[in-house]
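K.L.:
Take this structure, written in structure tokens, and hold onto it; I'll ask about it next.
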Amino acid sequence: MTRKEKAGFVAEKLTELYPKTTIPLDHTDPYTLLVAVVLSAQCTDKKVNEITPLLFAQARTPQQMVKLSVEEIQDIIRPCGLSPMKSKGIHGLSRIILEEHGGEVPANMAALERMPGVGHKTASVVMVQAFGMPAFPVDTHIHRLAWRWGLSTGKSVEHTEADLKKLFPKERWADLHLQMIYFGREYCPAKAHDPHTCPICSIIGRKELFA
């Protein structure tokens, strides 16, 4: 198969397995989504969804969040890991949203990426899931799958993102991002992966997987 043919097979199989996709992080608006995605770094979605109700009970808007101290935020989000960095990021981005964006999360990739605690992947998730703007966030699951399926060389997350954007139409990016995450968790994990039984690797997986 060519890379384009592989992409077509992947898109068809993922749609068959996951016809409807919803973001696994609980949120109610762009701000609560932004905070949840920041918390999800090196943390499971399940744990984030356990902690965000506790945090949002205290502050669910940037106006309320800046009234908490960094230490108070850190105490609440500690179970998510990396709490010193994440608490500073959440407090800092909330202040910037108030001071520079009128209290609203900006629908602008560059503006989001300038905020503390917000990297390219986090900004991409917010752009595509909160604002419906074309973006293809690449996390460790997607990076791994793109290499296994021969859709990218896998040299870097940035390289993988560029390769996937060339292979799939913009209108599919939002769904594919989530479909690939779900597939990676259910069928194609980083460890204890059997390419012979994987619904996609068994068909188009790199030969190195079967060595």
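Going through the structure tokens in order, the chains are called A, B, and so on, while each chain numbers its residues from 1 and the ligands are numbered from 1 in the order shown.
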Mind checking which residues fall within 9 Å of Arg78 in chain A, counting only C-alpha atoms, ignoring those fewer than 5 positions away in the same chain, and posting them as a ChimeraX atom specification?

P.N.:
/A:51,73,83-84,87

K.L.:
Write the residues of the preceding selection, restricted to C-alpha atoms, as an mmCIF file, in the first residue's frame.

P.N.:
```
data_model
loop_
_atom_site.group_PDB
_atom_site.id
_atom_site.type_symbol
_atom_site.label_atom_id
_atom_site.label_comp_id
_atom_site.auth_asym_id
_atom_site.auth_seq_id
_atom_site.Cartn_x
_atom_site.Cartn_y
_atom_site.Cartn_z
ATOM 1 C CA ILE A 51 -10.127 16.619 40.013
ATOM 2 C CA ILE A 73 -4.699 25.702 43.121
ATOM 3 C CA SER A 83 1.212 20.369 40.317
ATOM 4 C CA PRO A 84 3.798 23.139 40.904
ATOM 5 C CA SER A 87 -0.817 25.517 39.167
#
```

K.L.:
Counting only C-alpha atoms, which residues in range 60-158 of chain A sit no more than 8 Å from range 167-179 of chain A? For each one, give the nearest pair of atoms and the distance in Å, sorted by chain then residue number, as a tab-separated table.

P.N.:
```
residue	atom	partner	partner_atom	distance
A:Val128	CA	A:Ala174	CA	6.1
A:Gln129	CA	A:Ala174	CA	7.2
A:Pro134	CA	A:Lys170	CA	5.9
A:Ala135	CA	A:Trp173	CA	6.4
A:Phe136	CA	A:Trp173	CA	5.4
A:Pro137	CA	A:His177	CA	6.5
A:Val138	CA	A:His177	CA	7.3
A:Ile142	CA	A:His177	CA	7.5
```

K.L.:
What parts of range 128-207 of chain A does DSSP call helix (DSSP H, G or I)? I'd like the answer as a ChimeraX atom specification.

P.N.:
/A:128-130,140-148,157-167,170-186,201-204,207

K.L.:
Would you mind exporting the chosen residues as a CSV table (one decimal), in the first residue's frame, restricted to C-alpha atoms?

P.N.:
```
chain,number,residue,atom,x,y,z
A,128,VAL,CA,-10.3,22.2,17.3
A,129,GLN,CA,-12.6,21.1,20.2
A,130,ALA,CA,-13.7,24.5,21.6
A,140,THR,CA,2.0,10.2,22.4
A,141,HIS,CA,-0.7,7.8,21.2
A,142,ILE,CA,-1.1,9.4,17.8
A,143,HIS,CA,2.7,9.7,17.4
A,144,ARG,CA,3.1,6.0,18.1
A,145,LEU,CA,0.3,4.9,15.8
A,146,ALA,CA,1.4,7.1,12.9
A,147,TRP,CA,4.8,5.4,13.0
A,148,ARG,CA,3.4,1.9,13.4
A,157,VAL,CA,5.7,15.0,17.1
A,158,GLU,CA,5.9,18.1,14.9
A,159,HIS,CA,6.9,16.0,11.9
A,160,THR,CA,4.1,13.5,12.6
A,161,GLU,CA,1.6,16.3,12.8
A,162,ALA,CA,2.7,17.7,9.4
A,163,ASP,CA,2.6,14.3,7.8
A,164,LEU,CA,-0.9,13.6,9.1
A,165,LYS,CA,-2.2,17.0,7.9
A,166,LYS,CA,-1.0,16.2,4.4
A,167,LEU,CA,-2.7,12.8,4.4
A,170,LYS,CA,-9.1,19.2,7.3
A,171,GLU,CA,-12.7,18.3,7.9
A,172,ARG,CA,-11.6,14.9,9.3
A,173,TRP,CA,-8.9,16.2,11.6
A,174,ALA,CA,-11.1,16.7,14.7
A,175,ASP,CA,-12.6,13.2,14.6
A,176,LEU,CA,-9.4,11.4,13.6
A,177,HIS,CA,-7.5,13.0,16.5
A,178,LEU,CA,-10.0,11.4,19.0
A,179,GLN,CA,-10.5,8.2,17.1
A,180,MET,CA,-6.7,7.6,17.0
A,181,ILE,CA,-6.5,8.2,20.8
A,182,TYR,CA,-9.3,5.8,21.5
A,183,PHE,CA,-7.8,3.2,19.2
A,184,GLY,CA,-4.4,3.5,20.7
A,185,ARG,CA,-5.7,2.9,24.2
A,186,GLU,CA,-8.0,0.0,23.3
A,201,CYS,CA,-1.3,-3.1,12.5
A,202,SER,CA,-2.2,-6.6,11.3
A,203,ILE,CA,-3.1,-5.2,7.9
A,204,ILE,CA,-0.7,-2.3,7.4
A,207,LYS,CA,7.4,-5.1,9.3
```

K.L.:
Name the closest residue to Asn49 in chain A among the candidates A:Gly117, A:Gln74, A:Thr22, A:Cys80; distances are taken between atoms, counting only C-alpha atoms.

P.N.:
A:Cys80

K.L.:
Taking a cut-off of 9 Å and counting only C-alpha atoms, can you build a table that, for each residue of range 94-142 of chain A near range 26-31 of chain A, reports the nearest atom pair and how far apart they are in Å (one decimal), sorted by chain then residue number, as CSV?

P.N.:
```
residue,atom,partner,partner_atom,distance
A:Ser94,CA,A:Tyr31,CA,8.7
A:Glu104,CA,A:Tyr31,CA,7.6
A:Val105,CA,A:Tyr31,CA,6.0
A:Pro106,CA,A:Pro30,CA,8.9
A:Val126,CA,A:Pro30,CA,6.9
A:Met127,CA,A:Pro30,CA,9.0
A:Gln129,CA,A:Pro30,CA,8.4
A:Ala130,CA,A:Pro30,CA,5.3
A:Phe131,CA,A:Pro30,CA,7.8
```

K.L.:
Between A:Leu25, A:Cys188, A:Met85, A:Met109, which one has atoms that come closest to Lys121 in chain A, using only C-alpha atoms?

P.N.:
A:Met109

K.L.:
Expressed in Å to a single decimal, how great is the separation between CA of Val66 in chain A and CA of Gly92 in chain A?

P.N.:
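Between these atoms lies a distance of 8.1 Å.
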
K.L.:
So which one's closest to Met115 in chain A, A:Ala190, A:Val38, A:Glu50, A:Gly102? Using only C-alpha atoms, please.

P.N.:
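Nearest candidate to Met115 in chain A out of A:Ala190, A:Val38, A:Glu50, A:Gly102: A:Val38.
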
K.L.:
Neighbouring residues of Phe9 in chain A were defined as those with any atom within 9 Å, considering only C-alpha atoms; residues of the same chain fewer than 5 positions away were excluded. Please report them as a list of chain:residue names.

P.N.:
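With the cut-off at 9 Å, the set is A:Lys4, A:Leu14, A:Ile200, A:Ile204.
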
K.L.:
Can you pull out every residue within 10 Å of Gly103 in chain A, counting only C-alpha atoms, but drop anything in the same chain fewer than 5 positions away, and send it as a ChimeraX atom specification?

P.N.:
/A:31,61-63,94-98

K.L.:
Could the residues in this selection be written to a file with N, CA and C atoms, as a compact mmCIF listing (two decimals), in the first residue's frame?

P.N.:
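The resulting out_9.txt:
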```txt
# COMPACT_ATOMS: atom_id res chain seq x y z
N TYR A 31 -12.87 27.82 28.44
CA TYR A 31 -11.96 28.00 29.58
C TYR A 31 -11.79 26.70 30.37
N THR A 61 -14.08 30.20 36.27
CA THR A 61 -13.85 31.28 35.31
C THR A 61 -12.48 31.88 35.61
N PRO A 62 -11.87 32.57 34.65
CA PRO A 62 -10.57 33.20 34.93
C PRO A 62 -10.68 34.25 36.02
N GLN A 63 -11.83 34.93 36.10
CA GLN A 63 -12.02 35.93 37.15
C GLN A 63 -11.95 35.30 38.53
N SER A 94 -4.89 32.37 33.33
CA SER A 94 -6.13 33.04 33.72
C SER A 94 -5.93 34.55 33.78
N ARG A 95 -4.80 34.97 34.31
CA ARG A 95 -4.49 36.40 34.39
C ARG A 95 -4.35 37.00 33.00
N ILE A 96 -3.68 36.28 32.10
CA ILE A 96 -3.49 36.77 30.74
C ILE A 96 -4.83 36.86 30.00
N ILE A 97 -5.69 35.88 30.20
CA ILE A 97 -7.02 35.92 29.57
C ILE A 97 -7.78 37.17 30.01
N LEU A 98 -7.66 37.52 31.28
CA LEU A 98 -8.34 38.71 31.79
C LEU A 98 -7.69 40.00 31.27
```

K.L.:
If I take CA of Met65 in chain A and CA of Leu39 in chain A, how far is one from the other in Å, to one decimal?

P.N.:
14.5 Å

K.L.:
Please list as a PyMOL selection string every residue within 8 Å of Leu55 in chain A, counting only C-alpha atoms and excluding residues in the same chain fewer than 5 positions away.

P.N.:
chain A and resi 60+73+76-77

K.L.:
What does the distance from CA of Lys47 in chain A to CA of Lys86 in chain A come to in Å, to one decimal?

P.N.:
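These atoms are spaced 14.6 Å apart.
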